[in-house]
file upload-v3.cif (mmCIF, C-alpha atoms)
data_structure
#
loop_
_atom_site.group_PDB
_atom_site.id
_atom_site.type_symbol
_atom_site.label_atom_id
_atom_site.label_comp_id
_atom_site.auth_asym_id
_atom_site.auth_seq_id
_atom_site.Cartn_x
_atom_site.Cartn_y
_atom_site.Cartn_z
ATOM 1 C CA GLN A 1 136.689 99.854 99.126
ATOM 2 C CA VAL A 2 134.443 100.883 101.966
ATOM 3 C CA GLN A 3 134.810 99.518 105.469
ATOM 4 C CA LEU A 4 131.721 99.722 107.687
ATOM 5 C CA VAL A 5 131.852 99.360 111.456
ATOM 6 C CA GLU A 6 128.690 99.226 113.541
ATOM 7 C CA SER A 7 128.553 100.209 117.195
ATOM 8 C CA GLY A 8 126.024 101.017 119.886
ATOM 9 C CA GLY A 9 124.503 97.625 120.448
ATOM 10 C CA GLY A 10 123.951 96.170 123.872
ATOM 11 C CA LEU A 11 121.437 94.886 126.382
ATOM 12 C CA VAL A 12 118.321 96.959 127.004
ATOM 13 C CA GLN A 13 114.982 96.363 128.676
ATOM 14 C CA ALA A 14 111.786 96.264 126.677
ATOM 15 C CA GLY A 15 110.537 99.773 126.094
ATOM 16 C CA GLY A 16 114.021 101.197 126.125
ATOM 17 C CA SER A 17 116.080 102.872 123.423
ATOM 18 C CA LEU A 18 119.403 102.413 121.667
ATOM 19 C CA ARG A 19 121.192 104.348 118.979
ATOM 20 C CA LEU A 20 123.305 102.396 116.543
ATOM 21 C CA SER A 21 126.056 103.989 114.511
ATOM 22 C CA CYS A 22 127.698 102.802 111.308
ATOM 23 C CA ALA A 23 131.023 104.500 110.652
ATOM 24 C CA ALA A 24 132.482 104.232 107.181
ATOM 25 C CA SER A 25 136.102 104.494 106.158
ATOM 26 C CA GLY A 26 138.112 104.004 102.996
ATOM 27 C CA ARG A 27 136.013 106.289 100.875
ATOM 28 C CA THR A 28 133.017 108.541 101.172
ATOM 29 C CA ILE A 29 129.567 106.999 101.435
ATOM 30 C CA SER A 30 127.879 110.197 100.301
ATOM 31 C CA THR A 31 127.068 108.630 96.930
ATOM 32 C CA TYR A 32 125.680 105.417 98.427
ATOM 33 C CA ALA A 33 122.278 104.547 99.694
ATOM 34 C CA MET A 34 122.601 102.969 103.120
ATOM 35 C CA GLY A 35 120.614 100.370 104.943
ATOM 36 C CA TRP A 36 120.221 98.654 108.273
ATOM 37 C CA PHE A 37 119.439 94.975 108.397
ATOM 38 C CA ARG A 38 119.099 92.459 111.196
ATOM 39 C CA GLN A 39 119.380 88.750 111.736
ATOM 40 C CA ALA A 40 117.759 87.105 114.719
ATOM 41 C CA PRO A 41 118.885 83.692 115.968
ATOM 42 C CA GLY A 42 117.645 80.978 113.634
ATOM 43 C CA LYS A 43 116.191 83.466 111.165
ATOM 44 C CA GLU A 44 117.244 84.959 107.869
ATOM 45 C CA ARG A 45 118.700 88.425 107.562
ATOM 46 C CA GLU A 46 116.005 91.010 106.914
ATOM 47 C CA PHE A 47 115.696 94.619 105.875
ATOM 48 C CA VAL A 48 115.054 97.116 108.670
ATOM 49 C CA ALA A 49 115.552 100.633 107.268
ATOM 50 C CA GLY A 50 117.034 102.370 104.250
ATOM 51 C CA ILE A 51 118.054 105.905 103.392
ATOM 52 C CA SER A 52 118.950 107.594 100.131
ATOM 53 C CA TRP A 53 122.363 109.116 99.530
ATOM 54 C CA SER A 54 121.052 112.582 100.334
ATOM 55 C CA GLY A 55 118.957 111.514 103.293
ATOM 56 C CA GLY A 56 115.864 112.818 101.588
ATOM 57 C CA SER A 57 114.150 109.439 101.335
ATOM 58 C CA THR A 58 113.759 106.865 104.058
ATOM 59 C CA TYR A 59 112.032 103.505 104.168
ATOM 60 C CA TYR A 60 111.225 101.129 107.001
ATOM 61 C CA ALA A 61 110.101 97.582 107.515
ATOM 62 C CA ASP A 62 106.542 97.477 108.825
ATOM 63 C CA SER A 63 107.753 95.858 112.031
ATOM 64 C CA VAL A 64 109.798 98.919 113.021
ATOM 65 C CA LYS A 65 107.836 101.752 111.436
ATOM 66 C CA GLY A 66 107.112 104.478 113.974
ATOM 67 C CA ARG A 67 109.716 103.170 116.407
ATOM 68 C CA PHE A 68 113.015 103.308 114.483
ATOM 69 C CA THR A 69 114.557 106.258 112.647
ATOM 70 C CA ILE A 70 117.412 106.059 110.165
ATOM 71 C CA SER A 71 119.562 109.112 109.503
ATOM 72 C CA ARG A 72 122.949 109.955 108.070
ATOM 73 C CA ASP A 73 125.671 112.548 108.388
ATOM 74 C CA ASN A 74 127.692 112.507 105.194
ATOM 75 C CA ALA A 75 130.203 114.950 106.632
ATOM 76 C CA LYS A 76 130.974 112.367 109.316
ATOM 77 C CA ASN A 77 130.650 109.425 106.918
ATOM 78 C CA THR A 78 128.237 107.863 109.407
ATOM 79 C CA VAL A 79 124.741 106.417 109.397
ATOM 80 C CA TYR A 80 122.566 106.041 112.476
ATOM 81 C CA LEU A 81 119.618 103.973 113.599
ATOM 82 C CA GLN A 82 117.662 105.356 116.524
ATOM 83 C CA MET A 83 115.612 102.570 118.057
ATOM 84 C CA ASN A 84 112.839 103.431 120.510
ATOM 85 C CA SER A 85 110.181 101.362 122.239
ATOM 86 C CA LEU A 86 112.276 98.270 121.802
ATOM 87 C CA LYS A 87 110.643 94.867 121.996
ATOM 88 C CA PRO A 88 112.132 91.443 122.733
ATOM 89 C CA GLU A 89 111.494 90.507 119.095
ATOM 90 C CA ASP A 90 113.936 93.233 118.061
ATOM 91 C CA THR A 91 116.747 91.093 119.479
ATOM 92 C CA ALA A 92 119.198 90.433 116.647
ATOM 93 C CA VAL A 93 122.564 91.228 115.188
ATOM 94 C CA TYR A 94 122.193 94.518 113.333
ATOM 95 C CA TYR A 95 124.197 95.148 110.191
ATOM 96 C CA CYS A 96 124.663 98.221 108.067
ATOM 97 C CA ALA A 97 125.252 98.046 104.352
ATOM 98 C CA ALA A 98 126.035 100.338 101.452
ATOM 99 C CA ASP A 99 124.813 100.056 97.894
ATOM 100 C CA PRO A 100 124.380 102.518 95.040
ATOM 101 C CA PHE A 101 120.725 101.550 94.659
ATOM 102 C CA LEU A 102 118.219 102.255 97.414
ATOM 103 C CA ASP A 103 115.633 99.998 95.822
ATOM 104 C CA LEU A 104 117.969 97.028 96.192
ATOM 105 C CA ILE A 105 118.313 97.830 99.883
ATOM 106 C CA VAL A 106 114.580 98.205 100.440
ATOM 107 C CA THR A 107 113.671 95.045 98.531
ATOM 108 C CA TYR A 108 116.484 92.935 99.969
ATOM 109 C CA LYS A 109 115.715 89.283 100.504
ATOM 110 C CA ALA A 110 118.109 86.853 102.141
ATOM 111 C CA GLY A 111 119.861 84.837 99.480
ATOM 112 C CA SER A 112 119.619 87.560 96.859
ATOM 113 C CA ASP A 113 122.637 89.356 95.443
ATOM 114 C CA GLY A 114 124.314 91.093 98.324
ATOM 115 C CA MET A 115 124.954 94.744 98.955
ATOM 116 C CA ASP A 116 128.226 96.249 97.787
ATOM 117 C CA TYR A 117 129.512 96.526 101.365
ATOM 118 C CA TRP A 118 128.496 95.054 104.700
ATOM 119 C CA GLY A 119 129.599 95.704 108.237
ATOM 120 C CA LYS A 120 130.222 92.880 110.685
ATOM 121 C CA GLY A 121 127.274 93.703 112.881
ATOM 122 C CA THR A 122 126.461 94.716 116.425
ATOM 123 C CA LEU A 123 124.324 92.673 118.806
ATOM 124 C CA VAL A 124 121.150 94.133 120.257
ATOM 125 C CA THR A 125 119.454 92.187 123.029
ATOM 126 C CA VAL A 126 116.093 93.306 124.387
ATOM 127 C CA SER A 127 115.010 91.694 127.633
ATOM 128 C CA SER A 128 111.373 91.332 128.626
#
call {"tool": "encode", "arguments": {"input": "upload-v3.cif", "output": "structure tokens"}}
result
Amino acid sequence: QVQLVESGGGLVQAGGSLRLSCAASGRTISTYAMGWFRQAPGKEREFVAGISWSGGSTYYADSVKGRFTISRDNAKNTVYLQMNSLKPEDTAVYYCAADPFLDLIVTYKAGSDGMDYWGKGTLVTVSS
């Protein structure tokens, strides 16, 4: 079993930055692809960013491309999401997830089969 705990959320003004962390425990995540997802009020959960087990491949939703960066430190069993140039529409609960298959992370649609492991989320609020 893998437990994922997100942190780093908070209130930030538009144009600001936040760095989210996803700390894993229970077992190593070095063999898992990892992803960040978000769910805004009244909307379905959506894919934000994904990274391969080695960190060599990364993918982003079009809405965050060029502003967000996903990275991982397998030695620390942690995945990060650096969010720059934040916009009010980035306001959401952000979740990290682990799955053996990066393509399942990148092609995730709400209502589809879930990831192997999910965190409980951290709230990001961007004020205008």
call {"tool": "atom_distance", "arguments": {"input": "upload-v3.cif", "atom1": "CA of Tyr117 in chain A", "atom2": "CA of Ala98 in chain A"}}
result
5.2 Å
call {"tool": "resolve_selection", "arguments": {"input": "upload-v3.cif", "expression": "the PyMOL selection byres ((chain A and resi 62) around 12)", "output": "VMD selection string"}}
result
chain A and resid 46 to 49 59 to 61 63 to 68 106
call {"tool": "resolve_selection", "arguments": {"input": "upload-v3.cif", "expression": "the PyMOL selection byres ((chain A and resi 15-21) around 8)", "output": "MDAnalysis selection string"}}
result
chainID A and resid 6:9 12:14 22:23 78:87
call {"tool": "atom_distance", "arguments": {"input": "upload-v3.cif", "atom1": "CA of Val93 in chain A", "atom2": "CA of Ala110 in chain A"}}
result
14.5 Å
call {"tool": "axis_aligned_box", "arguments": {"input": "upload-v3.cif", "around": "range 17-24 of chain A", "padding_each_side": "6 Å", "output": "AutoDock Vina command-line options"}}
result
--center_x 124.3 --center_y 103.4 --center_z 115.3 --size_x 28.4 --size_y 14.1 --size_z 28.2
call {"tool": "residues_around", "arguments": {"input": "upload-v3.cif", "residues": "Trp118 in chain A", "least_positions_apart": "3", "cutoff": "7 Å", "atoms": "all atoms listed in the file", "output": "list in words"}}
result
Leu4, Tyr95, Cys96, Ala97, Ala98 and Met115 of chain A
call {"tool": "resolve_selection", "arguments": {"input": "upload-v3.cif", "expression": "the PyMOL selection byres ((chain A and resi 26) around 6)", "output": "MDAnalysis selection string"}}
result
chainID A and resid 1:2 25 27
call {"tool": "atom_distance", "arguments": {"input": "upload-v3.cif", "atom1": "CA of Asn74 in chain A", "atom2": "CA of Gly55 in chain A"}}
result
9.0 Å
call {"tool": "closest_residue", "arguments": {"input": "upload-v3.cif", "among": "A:Leu11, A:Ile70, A:Ala24, A:Met34", "to": "Asp90 in chain A", "atoms": "all atoms listed in the file"}}
result
A:Leu11
call {"tool": "closest_residue", "arguments": {"input": "upload-v3.cif", "among": "A:Leu102, A:Ile51, A:Leu123, A:Val5", "to": "Gln39 in chain A", "atoms": "only C-alpha atoms"}}
result
A:Leu123
